[in-house]
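Text of input13.txt (compact mmCIF, C-alpha atoms) as supplied:
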# COMPACT_ATOMS: atom_id res chain seq x y z
CA MET A 927 13.35 -15.99 -22.09
CA VAL A 928 11.88 -16.15 -18.61
CA VAL A 929 11.32 -13.32 -16.18
CA LYS A 930 14.28 -12.62 -13.89
CA LEU A 931 13.58 -11.79 -10.27
CA TYR A 932 16.36 -9.96 -8.43
CA GLY A 933 16.15 -10.73 -4.74
CA GLN A 934 16.79 -13.15 -1.92
CA VAL A 935 14.51 -16.18 -1.72
CA THR A 936 14.21 -15.99 2.09
CA ALA A 937 13.05 -12.34 2.12
CA ALA A 938 9.35 -11.47 2.41
CA CYS A 939 8.91 -9.09 -0.53
CA PRO A 940 10.61 -11.33 -3.12
CA GLN A 941 8.55 -14.20 -1.70
CA ARG A 942 5.35 -12.28 -2.47
CA VAL A 943 6.29 -12.25 -6.16
CA LEU A 944 7.59 -15.84 -6.15
CA LEU A 945 4.33 -17.05 -4.59
CA CYS A 946 2.40 -15.27 -7.33
CA PHE A 947 4.60 -16.91 -9.98
CA LEU A 948 4.02 -20.33 -8.39
CA GLU A 949 0.24 -19.86 -8.07
CA LYS A 950 0.08 -18.70 -11.69
CA GLU A 951 2.44 -21.47 -12.95
CA ILE A 952 4.80 -18.88 -14.45
CA GLU A 953 8.41 -19.84 -15.16
CA PHE A 954 11.05 -17.61 -13.61
CA GLU A 955 14.72 -17.28 -12.75
CA ILE A 956 16.00 -15.91 -9.44
CA VAL A 957 19.09 -13.71 -9.55
CA HIS A 958 20.38 -13.65 -5.98
CA VAL A 959 20.89 -10.22 -4.38
CA ASP A 960 22.60 -10.81 -1.05
CA LEU A 961 20.87 -8.87 1.70
CA ASP A 962 23.30 -10.00 4.41
CA THR A 963 26.09 -8.07 2.63
CA LEU A 964 23.76 -5.18 1.70
CA GLU A 965 24.10 -5.84 -2.02
CA GLN A 966 20.70 -4.16 -2.46
CA LYS A 967 22.25 -0.80 -1.50
CA LYS A 968 25.03 -1.01 -4.09
CA PRO A 969 25.00 1.10 -7.28
CA GLU A 970 24.26 -1.84 -9.60
CA HIS A 971 21.06 -2.71 -7.77
CA LEU A 972 20.05 0.92 -7.21
CA LEU A 973 19.73 1.21 -10.98
CA ARG A 974 17.01 -1.46 -10.78
CA GLN A 975 15.39 -0.25 -7.56
CA PRO A 976 16.17 3.36 -6.51
CA PHE A 977 15.07 2.78 -2.91
CA GLY A 978 17.69 0.03 -2.46
CA GLN A 979 15.24 -2.79 -1.81
CA VAL A 980 14.27 -6.14 -3.27
CA PRO A 981 12.66 -7.40 -5.42
CA ALA A 982 12.98 -5.99 -8.92
CA ILE A 983 12.13 -7.85 -12.13
CA GLU A 984 13.41 -7.81 -15.69
CA ASP A 985 11.25 -9.41 -18.36
CA GLY A 986 13.00 -8.71 -21.66
CA ASP A 987 13.01 -4.92 -21.85
CA PHE A 988 10.30 -4.54 -19.24
CA LYS A 989 11.46 -3.61 -15.74
CA LEU A 990 9.44 -3.20 -12.59
CA PHE A 991 9.86 -2.94 -8.81
CA GLU A 992 7.49 -2.91 -5.78
CA SER A 993 6.45 -6.52 -5.09
CA ARG A 994 2.71 -5.79 -5.01
CA ALA A 995 2.86 -4.02 -8.40
CA ILE A 996 4.88 -6.91 -9.87
CA ALA A 997 2.48 -9.53 -8.49
CA ARG A 998 -0.51 -7.62 -9.84
CA TYR A 999 1.05 -7.26 -13.31
CA TYR A 1000 1.68 -10.99 -13.62
CA ALA A 1001 -1.69 -11.93 -12.10
CA THR A 1002 -3.32 -9.75 -14.78
CA LYS A 1003 -1.06 -10.87 -17.65
CA TYR A 1004 -1.71 -14.53 -16.89
CA ALA A 1005 -5.33 -14.09 -15.79
CA ASP A 1006 -6.38 -17.26 -17.63
CA GLN A 1007 -3.64 -19.46 -16.19
CA GLY A 1008 -3.27 -20.94 -12.72
CA THR A 1009 -5.16 -19.50 -9.72
CA ASN A 1010 -7.43 -16.51 -10.31
CA LEU A 1011 -5.89 -14.05 -7.85
CA LEU A 1012 -7.68 -10.83 -8.75
CA GLY A 1013 -11.42 -11.52 -8.46
CA LYS A 1014 -14.13 -12.31 -10.97
CA SER A 1015 -16.13 -9.10 -11.27
CA LEU A 1016 -15.52 -5.37 -10.89
CA GLU A 1017 -17.02 -5.46 -7.40
CA HIS A 1018 -15.11 -8.59 -6.33
CA ARG A 1019 -11.86 -7.06 -7.63
CA ALA A 1020 -12.56 -4.02 -5.47
CA ILE A 1021 -12.97 -6.18 -2.34
CA VAL A 1022 -9.71 -8.00 -3.18
CA ASP A 1023 -8.00 -4.59 -3.55
CA GLN A 1024 -9.52 -3.42 -0.26
CA TRP A 1025 -8.08 -6.30 1.77
CA ALA A 1026 -4.79 -6.13 -0.13
CA ASP A 1027 -4.58 -2.46 0.91
CA VAL A 1028 -5.42 -3.45 4.49
CA GLU A 1029 -2.27 -5.60 4.36
CA THR A 1030 -0.22 -2.54 3.37
CA HIS A 1031 -1.68 0.01 5.75
CA TYR A 1032 -2.63 -2.01 8.85
CA PHE A 1033 -0.81 -5.34 8.81
CA ASN A 1034 2.59 -4.69 7.20
CA VAL A 1035 3.19 -1.49 9.20
CA LEU A 1036 3.07 -3.66 12.35
CA ALA A 1037 4.51 -6.92 11.00
CA PHE A 1038 7.59 -5.23 9.53
CA PRO A 1039 9.06 -3.75 12.75
CA ILE A 1040 8.44 -7.05 14.57
CA VAL A 1041 10.14 -9.13 11.83
CA LEU A 1042 12.95 -6.56 11.55
CA ASN A 1043 13.70 -6.74 15.26
CA LEU A 1044 13.04 -10.42 15.99
CA VAL A 1045 14.29 -12.02 12.76
CA ILE A 1046 16.49 -9.70 10.66
CA LYS A 1047 18.48 -7.77 13.25
CA PRO A 1048 19.70 -10.93 15.04
CA ARG A 1049 20.95 -12.26 11.67
CA LEU A 1050 22.90 -9.05 11.12
CA GLY A 1051 24.19 -9.03 14.70
CA GLU A 1052 22.23 -5.89 15.59
CA GLU A 1053 20.36 -5.12 18.79
CA CYS A 1054 16.62 -5.71 18.98
CA ASP A 1055 14.33 -2.85 20.12
CA VAL A 1056 12.40 -4.83 22.71
CA VAL A 1057 10.17 -1.92 23.78
CA LEU A 1058 9.11 -1.24 20.19
CA VAL A 1059 8.34 -4.93 19.63
CA GLU A 1060 6.10 -5.12 22.72
CA GLU A 1061 4.26 -1.89 21.82
CA THR A 1062 3.77 -3.12 18.26
CA LYS A 1063 2.39 -6.48 19.42
CA VAL A 1064 -0.32 -4.67 21.41
CA LYS A 1065 -1.40 -2.81 18.27
CA LEU A 1066 -1.25 -6.04 16.24
CA GLU A 1067 -3.69 -7.76 18.65
CA VAL A 1068 -6.30 -5.08 17.81
CA VAL A 1069 -5.79 -5.54 14.07
CA LEU A 1070 -5.90 -9.35 14.33
CA ASP A 1071 -9.25 -9.10 16.14
CA ILE A 1072 -10.64 -7.37 13.03
CA TYR A 1073 -9.21 -10.11 10.81
CA GLU A 1074 -10.66 -12.76 13.13
CA ASN A 1075 -14.09 -11.22 12.79
CA ARG A 1076 -13.78 -11.00 9.00
CA LEU A 1077 -12.66 -14.62 8.71
CA ALA A 1078 -15.52 -15.78 10.94
CA SER A 1079 -17.93 -15.11 8.08
CA ASN A 1080 -15.57 -15.49 5.09
CA ARG A 1081 -13.37 -18.46 4.25
CA PHE A 1082 -10.76 -16.12 2.79
CA LEU A 1083 -10.28 -12.37 3.22
CA ALA A 1084 -12.10 -11.38 0.02
CA GLY A 1085 -14.77 -14.09 0.18
CA ASP A 1086 -15.02 -17.74 -0.79
CA GLU A 1087 -11.82 -18.05 -2.77
CA PHE A 1088 -8.10 -17.55 -2.26
CA THR A 1089 -6.98 -14.28 -3.85
CA MET A 1090 -4.17 -11.73 -3.86
CA ALA A 1091 -5.63 -10.38 -0.62
CA ASP A 1092 -4.59 -13.59 1.18
CA LEU A 1093 -1.38 -14.16 -0.81
CA THR A 1094 0.02 -10.73 -0.07
CA HIS A 1095 -0.06 -11.46 3.69
CA MET A 1096 1.68 -14.79 3.53
CA PRO A 1097 5.40 -13.95 3.40
CA ALA A 1098 5.37 -11.65 6.46
CA MET A 1099 2.94 -13.99 8.26
CA GLY A 1100 5.36 -16.83 7.59
CA HIS A 1101 8.14 -14.91 9.33
CA LEU A 1102 5.86 -13.83 12.20
CA MET A 1103 4.76 -17.42 12.79
CA GLY A 1104 8.40 -18.26 13.50
CA THR A 1105 8.28 -15.85 16.48
CA ASP A 1106 6.12 -15.84 19.60
CA VAL A 1107 3.50 -13.90 17.60
CA ASN A 1108 2.31 -17.34 16.47
CA ARG A 1109 0.47 -17.55 19.81
CA MET A 1110 -1.67 -14.57 18.73
CA VAL A 1111 -2.70 -16.39 15.56
CA LYS A 1112 -3.25 -19.77 17.20
CA ALA A 1113 -5.41 -18.16 19.88
CA ARG A 1114 -7.83 -16.98 17.21
CA VAL A 1115 -9.91 -19.86 15.80
CA ASN A 1116 -10.64 -18.36 12.38
CA MET A 1117 -7.19 -16.88 11.81
CA ASN A 1118 -5.68 -20.25 12.69
CA ARG A 1119 -8.03 -22.03 10.28
CA TRP A 1120 -7.22 -19.52 7.53
CA TRP A 1121 -3.47 -19.83 8.06
CA GLU A 1122 -3.58 -23.63 8.01
CA ASP A 1123 -5.77 -23.56 4.89
CA ILE A 1124 -3.54 -21.18 2.88
CA THR A 1125 -0.26 -22.78 3.93
CA ALA A 1126 -1.56 -26.16 2.77
CA ARG A 1127 -1.52 -24.81 -0.80
CA PRO A 1128 1.06 -26.49 -3.08
CA ALA A 1129 2.51 -23.12 -4.17
CA TRP A 1130 3.32 -22.20 -0.56
CA LYS A 1131 4.94 -25.55 0.09
CA LYS A 1132 7.08 -25.17 -3.04
CA LEU A 1133 8.10 -21.68 -1.92
CA MET A 1134 9.07 -22.87 1.54
CA LYS A 1135 11.15 -25.65 0.01
CA MET A 1136 12.89 -23.14 -2.31
CA ALA A 1137 13.58 -20.89 0.67
CA GLY A 1138 15.11 -23.82 2.58
CA PHE A 1139 12.52 -23.82 5.35
CA GLY A 1140 10.86 -26.91 6.73
CA LEU A 1141 7.14 -27.37 6.11
CA ALA A 1142 5.29 -24.43 7.74
CA MET Y 966 -28.14 6.29 -7.91
CA ALA Y 967 -25.04 8.43 -7.33
CA MET Y 968 -22.15 6.95 -5.37
CA LYS Y 969 -22.01 7.96 -1.71
CA VAL Y 970 -18.76 8.88 -0.01
CA TYR Y 971 -18.87 8.85 3.79
CA GLY Y 972 -16.37 11.29 5.27
CA ASP Y 973 -15.30 14.89 5.61
CA GLY Y 974 -13.56 16.92 2.91
CA MET Y 975 -10.82 17.97 5.31
CA SER Y 976 -9.55 14.38 5.55
CA ALA Y 977 -6.66 13.74 3.14
CA CYS Y 978 -7.88 10.20 2.49
CA VAL Y 979 -11.41 11.43 1.69
CA ALA Y 980 -9.94 14.13 -0.57
CA ARG Y 981 -8.03 11.43 -2.45
CA VAL Y 982 -11.36 9.82 -3.40
CA LEU Y 983 -13.05 13.16 -4.19
CA LEU Y 984 -10.19 14.10 -6.55
CA CYS Y 985 -10.69 10.81 -8.39
CA LEU Y 986 -14.45 11.32 -8.66
CA HIS Y 987 -13.96 14.80 -10.14
CA GLU Y 988 -11.24 13.59 -12.56
CA LYS Y 989 -13.65 10.86 -13.73
CA GLU Y 990 -16.56 13.36 -13.97
CA THR Y 991 -18.64 11.07 -11.76
CA GLU Y 992 -21.55 12.30 -9.67
CA PHE Y 993 -21.46 11.57 -5.99
CA GLU Y 994 -22.96 12.56 -2.67
CA LEU Y 995 -20.67 13.37 0.26
CA VAL Y 996 -22.31 12.07 3.45
CA PRO Y 997 -20.78 13.96 6.38
CA VAL Y 998 -19.15 11.98 9.18
CA ASP Y 999 -18.31 14.11 12.23
CA LEU Y 1000 -14.69 13.18 12.88
CA PHE Y 1001 -14.31 15.54 15.85
CA ALA Y 1002 -17.26 13.78 17.54
CA CYS Y 1003 -15.66 10.41 16.62
CA HIS Y 1004 -18.68 9.25 14.66
CA HIS Y 1005 -16.30 7.08 12.60
CA LYS Y 1006 -15.79 4.95 15.73
CA LEU Y 1007 -19.50 4.29 16.31
CA PRO Y 1008 -20.88 0.77 15.68
CA SER Y 1009 -22.99 2.04 12.78
CA PHE Y 1010 -19.84 3.22 11.00
CA LEU Y 1011 -17.70 0.23 12.05
CA SER Y 1012 -20.21 -2.01 10.28
CA MET Y 1013 -19.07 -0.31 7.05
CA ASN Y 1014 -15.36 -0.09 7.90
CA PRO Y 1015 -14.20 -2.19 10.86
CA PHE Y 1016 -10.99 -0.14 11.03
CA GLY Y 1017 -13.05 2.97 11.88
CA GLN Y 1018 -11.57 5.27 9.22
CA VAL Y 1019 -12.91 7.50 6.48
CA PRO Y 1020 -13.59 7.33 3.58
CA VAL Y 1021 -16.14 4.63 2.86
CA LEU Y 1022 -17.75 4.34 -0.57
CA GLN Y 1023 -21.23 2.96 -1.20
CA ASP Y 1024 -22.16 2.14 -4.79
CA ASP Y 1025 -25.47 0.25 -4.89
CA ASP Y 1026 -24.75 -3.01 -3.03
CA LEU Y 1027 -21.01 -2.46 -2.79
CA THR Y 1028 -19.50 -0.97 0.38
CA LEU Y 1029 -15.78 -0.29 0.07
CA PHE Y 1030 -13.08 1.17 2.33
CA GLU Y 1031 -9.34 1.97 1.81
CA SER Y 1032 -9.09 5.15 -0.27
CA ARG Y 1033 -6.70 3.65 -2.86
CA ALA Y 1034 -8.95 0.60 -3.40
CA ILE Y 1035 -11.82 3.06 -3.86
CA THR Y 1036 -9.92 5.18 -6.42
CA ALA Y 1037 -8.92 2.01 -8.32
CA TYR Y 1038 -12.59 0.91 -8.38
CA ILE Y 1039 -13.86 4.30 -9.61
CA ALA Y 1040 -11.10 4.49 -12.24
CA ASP Y 1041 -11.92 0.97 -13.45
CA LYS Y 1042 -15.71 1.35 -13.44
CA HIS Y 1043 -15.52 4.64 -15.35
CA LYS Y 1044 -12.45 3.90 -17.44
CA ASP Y 1045 -14.12 5.21 -20.57
CA LYS Y 1046 -14.78 8.74 -19.31
CA GLY Y 1047 -12.84 11.59 -17.81
CA THR Y 1048 -9.07 11.43 -17.25
CA ASP Y 1049 -7.38 8.09 -17.97
CA LEU Y 1050 -6.02 7.53 -14.48
CA THR Y 1051 -4.70 3.98 -14.95
CA ARG Y 1052 -3.59 3.73 -18.64
CA HIS Y 1053 -5.87 0.72 -18.78
CA ALA Y 1054 -5.31 0.03 -22.51
CA ASP Y 1055 -1.72 -1.13 -21.96
CA ALA Y 1056 -0.91 -3.69 -19.25
CA LYS Y 1057 2.72 -2.58 -18.93
CA GLU Y 1058 1.71 1.07 -18.58
CA THR Y 1059 -0.90 0.05 -15.98
CA ALA Y 1060 1.86 -1.75 -14.08
CA ILE Y 1061 4.05 1.38 -14.07
CA VAL Y 1062 1.10 3.37 -12.66
CA LYS Y 1063 0.68 0.70 -9.98
CA LEU Y 1064 4.43 0.75 -9.26
CA TRP Y 1065 4.47 4.48 -8.47
CA SER Y 1066 1.20 4.14 -6.56
CA GLU Y 1067 2.93 1.52 -4.41
CA VAL Y 1068 5.87 3.92 -3.95
CA GLU Y 1069 3.39 6.48 -2.61
CA SER Y 1070 1.87 3.90 -0.24
CA HIS Y 1071 5.11 2.44 1.09
CA HIS Y 1072 7.70 5.24 0.88
CA PHE Y 1073 6.00 8.63 0.65
CA ASN Y 1074 2.88 8.16 2.77
CA PRO Y 1075 4.46 6.85 6.00
CA ALA Y 1076 6.94 9.72 6.14
CA VAL Y 1077 4.64 12.59 5.13
CA SER Y 1078 1.70 11.38 7.22
CA ALA Y 1079 3.92 11.11 10.32
CA VAL Y 1080 4.94 14.77 9.86
CA ILE Y 1081 1.34 15.89 9.21
CA HIS Y 1082 0.14 13.89 12.22
CA GLN Y 1083 2.56 15.74 14.51
CA LEU Y 1084 2.07 19.20 13.03
CA ILE Y 1085 -1.72 19.12 12.39
CA VAL Y 1086 -3.50 16.28 14.22
CA VAL Y 1087 -1.65 16.34 17.55
CA PRO Y 1088 -2.29 20.08 18.13
CA LEU Y 1089 -5.98 19.57 17.26
CA GLN Y 1090 -6.24 16.86 19.89
CA GLY Y 1091 -4.93 19.46 22.31
CA GLU Y 1092 -3.29 17.20 24.86
CA LYS Y 1093 0.37 17.39 23.93
CA SER Y 1094 2.91 19.17 21.76
CA PRO Y 1095 4.29 17.89 18.45
CA ASP Y 1096 7.16 15.44 18.90
CA ALA Y 1097 10.13 17.20 17.30
CA ALA Y 1098 12.16 13.98 17.08
CA ILE Y 1099 9.44 12.22 15.07
CA VAL Y 1100 9.12 15.26 12.78
CA GLU Y 1101 12.89 15.39 12.24
CA GLU Y 1102 13.24 11.65 11.58
CA ASN Y 1103 10.41 11.66 9.04
CA LEU Y 1104 11.52 14.85 7.30
CA GLU Y 1105 14.82 13.10 6.67
CA LYS Y 1106 13.04 10.03 5.24
CA LEU Y 1107 10.79 12.26 3.15
CA GLY Y 1108 13.81 14.12 1.78
CA LYS Y 1109 15.33 10.85 0.55
CA VAL Y 1110 12.07 9.85 -1.12
CA LEU Y 1111 11.83 13.24 -2.80
CA ASP Y 1112 15.40 12.82 -4.07
CA VAL Y 1113 14.21 9.72 -5.94
CA TYR Y 1114 11.21 11.68 -7.24
CA GLU Y 1115 13.46 14.56 -8.35
CA GLU Y 1116 15.47 12.18 -10.47
CA ARG Y 1117 12.38 10.41 -11.84
CA LEU Y 1118 10.61 13.67 -12.69
CA GLY Y 1119 13.69 14.79 -14.58
CA LYS Y 1120 12.88 11.97 -17.06
CA THR Y 1121 9.07 12.00 -17.09
CA LYS Y 1122 6.52 14.77 -16.65
CA TYR Y 1123 4.49 12.72 -14.19
CA LEU Y 1124 5.55 9.83 -11.96
CA ALA Y 1125 4.29 7.04 -14.21
CA GLY Y 1126 5.10 8.74 -17.51
CA ASP Y 1127 3.78 11.55 -19.65
CA SER Y 1128 0.23 11.74 -18.34
CA TYR Y 1129 -1.42 12.33 -14.95
CA THR Y 1130 -2.52 9.11 -13.27
CA LEU Y 1131 -3.53 7.73 -9.88
CA ALA Y 1132 0.20 7.53 -9.06
CA ASP Y 1133 0.26 11.36 -8.96
CA LEU Y 1134 -3.29 11.83 -7.63
CA HIS Y 1135 -2.71 9.76 -4.49
CA HIS Y 1136 0.01 12.19 -3.38
CA VAL Y 1137 -2.01 15.37 -3.74
CA PRO Y 1138 -3.87 15.82 -0.42
CA TYR Y 1139 -0.87 15.18 1.83
CA ILE Y 1140 1.43 17.35 -0.29
CA TYR Y 1141 -1.15 20.14 -0.06
CA TYR Y 1142 -1.14 19.94 3.74
CA PHE Y 1143 2.64 19.54 3.84
CA MET Y 1144 3.10 22.73 1.78
CA LYS Y 1145 1.23 24.63 4.50
CA THR Y 1146 3.93 23.72 7.04
CA SER Y 1147 7.26 25.50 7.45
CA HIS Y 1148 8.97 22.55 5.70
CA ALA Y 1149 7.66 23.31 2.20
CA GLY Y 1150 11.30 23.83 1.19
CA LEU Y 1151 11.64 20.05 0.82
CA VAL Y 1152 9.43 20.43 -2.27
CA ASN Y 1153 10.40 23.95 -3.36
CA ASP Y 1154 14.14 23.23 -3.28
CA ARG Y 1155 13.76 20.40 -5.79
CA PRO Y 1156 12.94 22.01 -9.17
CA ASN Y 1157 11.36 18.94 -10.82
CA VAL Y 1158 9.27 18.06 -7.77
CA LYS Y 1159 8.21 21.72 -7.44
CA ALA Y 1160 7.15 21.92 -11.10
CA TRP Y 1161 5.25 18.64 -10.75
CA TRP Y 1162 3.44 19.87 -7.64
CA GLU Y 1163 2.52 23.19 -9.31
CA ASP Y 1164 1.02 21.21 -12.18
CA LEU Y 1165 -0.94 18.90 -9.86
CA CYS Y 1166 -2.44 21.76 -7.87
CA SER Y 1167 -3.51 23.67 -10.96
CA ARG Y 1168 -5.84 20.90 -12.15
CA PRO Y 1169 -9.59 21.77 -12.13
CA ALA Y 1170 -10.40 18.71 -10.01
CA PHE Y 1171 -7.97 19.92 -7.36
CA LEU Y 1172 -9.46 23.41 -7.36
CA LYS Y 1173 -12.83 21.82 -6.53
CA VAL Y 1174 -11.47 19.71 -3.67
CA SER Y 1175 -8.91 22.01 -2.03
CA PRO Y 1176 -11.48 24.32 -0.39
CA GLY Y 1177 -12.42 21.35 1.80
CA LEU Y 1178 -8.84 20.80 2.97
CA THR Y 1179 -9.29 23.31 5.74
CA ILE Y 1180 -7.13 22.34 8.68
CA ALA Y 1181 -3.94 24.28 9.25
CA PRO Y 1182 -0.75 23.05 10.84
CA VAL Y 1183 1.12 24.56 13.73
CA THR Y 1184 3.95 26.46 12.05
CA ASN Y 1185 6.77 24.53 13.64

Using structure tokens, write down the structure from this file.
Amino acid sequence: MVVKLYGQVTAACPQRVLLCFLEKEIEFEIVHVDLDTLEQKKPEHLLRQPFGQVPAIEDGDFKLFESRAIARYYATKYADQGTNLLGKSLEHRAIVDQWADVETHYFNVLAFPIVLNLVIKPRLGEECDVVLVEETKVKLEVVLDIYENRLASNRFLAGDEFTMADLTHMPAMGHLMGTDVNRMVKARVNMNRWWEDITARPAWKKLMKMAGFGLA
Amino acid sequence: MAMKVYGDGMSACVARVLLCLHEKETEFELVPVDLFACHHKLPSFLSMNPFGQVPVLQDDDLTLFESRAITAYIADKHKDKGTDLTRHADAKETAIVKLWSEVESHHFNPAVSAVIHQLIVVPLQGEKSPDAAIVEENLEKLGKVLDVYEERLGKTKYLAGDSYTLADLHHVPYIYYFMKTSHAGLVNDRPNVKAWWEDLCSRPAFLKVSPGLTIAPVTN
């Protein structure tokens, strides 16, 4: 029996887990939860995820939510298979964790309102908060400067190899790159190099195909 | 050589790391960083943490920032002593600890820190008054998160199960500050959350760290 992922294949947080599965060569089944009709807020899904969000997983009797916790569990469980996402020593693991936490506390807090307003709200026929988007972009420029500096001396965020620290950024970055934020990335030499490098990975290309997008 | 923590004990994020060090019975040196004089924005500090925030940990050649990455590192390095903060012997249990740690990061922290920012930090900066709309909006979000916790803590003694872990520890400093505000009812009106909080703040490690959590909110 394979792990079941409850979610929508075009949504960022399920994509984080799917990308981990693909990098780790783990078999899975997607059970579609339709975000356009707010299926994630209905009682059946709330039993899986009490905050009414996707994804959630069921693996036999084992159930989990929070995409970063799910990805970490499978990256650990299948440590010897596929890409090593977690780092090779105690110290390297700590650096991977550090940049993965940067994604949560500095990047996602800015990426999410931009994606919500420029990508999700139009789909749902809701009005975009233009002022918030512009204010958030200004803050994002400051954060991207720090990333640019980091990537000037490191091929990937946690060092020489692709890890969870890079992977965890990719779904939201993918959505952002479909907006005019892509100019901010392309204007930064190292960020651009990093983005082209990580989106050339076979797992990302498979994910984009699954999600029905053209090649990034 | 003992680990060095750069920061000030009044910072919730620094306190998070200090709690972990005490729970793991690990020696450390707290290197003061004058936050009021913005020493965490100086080039010498930015070379350790380019985001200009405390805490930073130094352990021999390793320099680490992000308080939750630091607690994970300390808990992993010293997994065989002190409190078992990650349930490292069982991968599924470890994942449940990580799940509720992520809940703290993504659901609890944004709401509670927005309230604390308005009621504690903004008055300290002295230029403007707390934004009542931001406080109200985030109290509502926090209430919904605590409803989920109330249900969860009706089934388990701690968030990730029957023992205290990082999932609980990460909450402690901001709850402590929040309980000093006039909105403590959000915790006290939920019996399971209240009992959980009373347990967390009776732990010896907390009693060592709480004297450093000195700033007081505007009672608003």

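Candidate residues Y:Glu1067, Y:Lys1106, Y:Lys1042, Y:Lys989 were compared for distance to Ala1026 (chain A), and the nearest is Y:Glu1067, using only C-alpha atoms.
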
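Atom pair CA of Lys1047 (chain A) / CA of Thr936 (chain A): separated by 14.5 Å.
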
Nearest residue to Phe1073 (chain Y) out of Y:Met1144, Y:Cys985, Y:Val979, Y:Leu1104, using all atoms listed in the file? Y:Leu1104

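Proximity to His1031 (chain A) was assessed for Y:Met975, Y:Ala1034, Y:Met968, Y:Leu1172 counting all atoms listed in the file; the smallest distance is recorded for Y:Ala1034.
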
Interface residues on chain A facing chain Y, 6 Å, all atoms listed in the file, written as a VMD selection string: chain A and resid 992 995 999 1020 1023 to 1024

Identify the residues within 10 Å of coordinate (8.4, -14.1, 14.3) (same frame as the file), considering all atoms listed in the file, and give the answer as a list in words. Ala1037, Ile1040, Val1041, Leu1042, Asn1043, Leu1044, Val1045, Ile1046, Ala1098, Met1099, Gly1100, His1101, Leu1102, Met1103, Gly1104, Thr1105, Asp1106, Val1107 and Asn1108 of chain A

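Rounded to one decimal, CA of Phe988 (chain A) and CA of Thr1094 (chain A) lie 22.6 Å from each other.
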
Would you work out the distance separating CA of Asp1045 (chain Y) from CA of Lys1014 (chain A), expressed in Å to one decimal? 20.0 Å

Could you give me, as a PyMOL selection string, the residues within 10 Å of Glu965 (chain A), counting all atoms listed in the file and dropping anything in the same chain fewer than 6 positions from it? chain A and resi 933+958-959+971-972+978-980

Could you pull the residues within 12 Å of Lys950 (chain A), counting all atoms listed in the file, minus those fewer than 6 positions along the same chain, as an NGL selection string? :A and (943-944 or 997-1012 or 1089-1090 or 1093 or 1128-1129)

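Considering all atoms listed in the file, the residue among A:Asp1071, A:His1095, A:Phe954, A:Phe991 positioned nearest to Thr1030 (chain A) is A:His1095.
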
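Considering the residues Y:Ala1098, Y:Leu1111, Y:Leu1007, Y:Ala1040 and counting only C-alpha atoms, Val1080 (chain Y) has its shortest atom-to-atom contact with Y:Ala1098.
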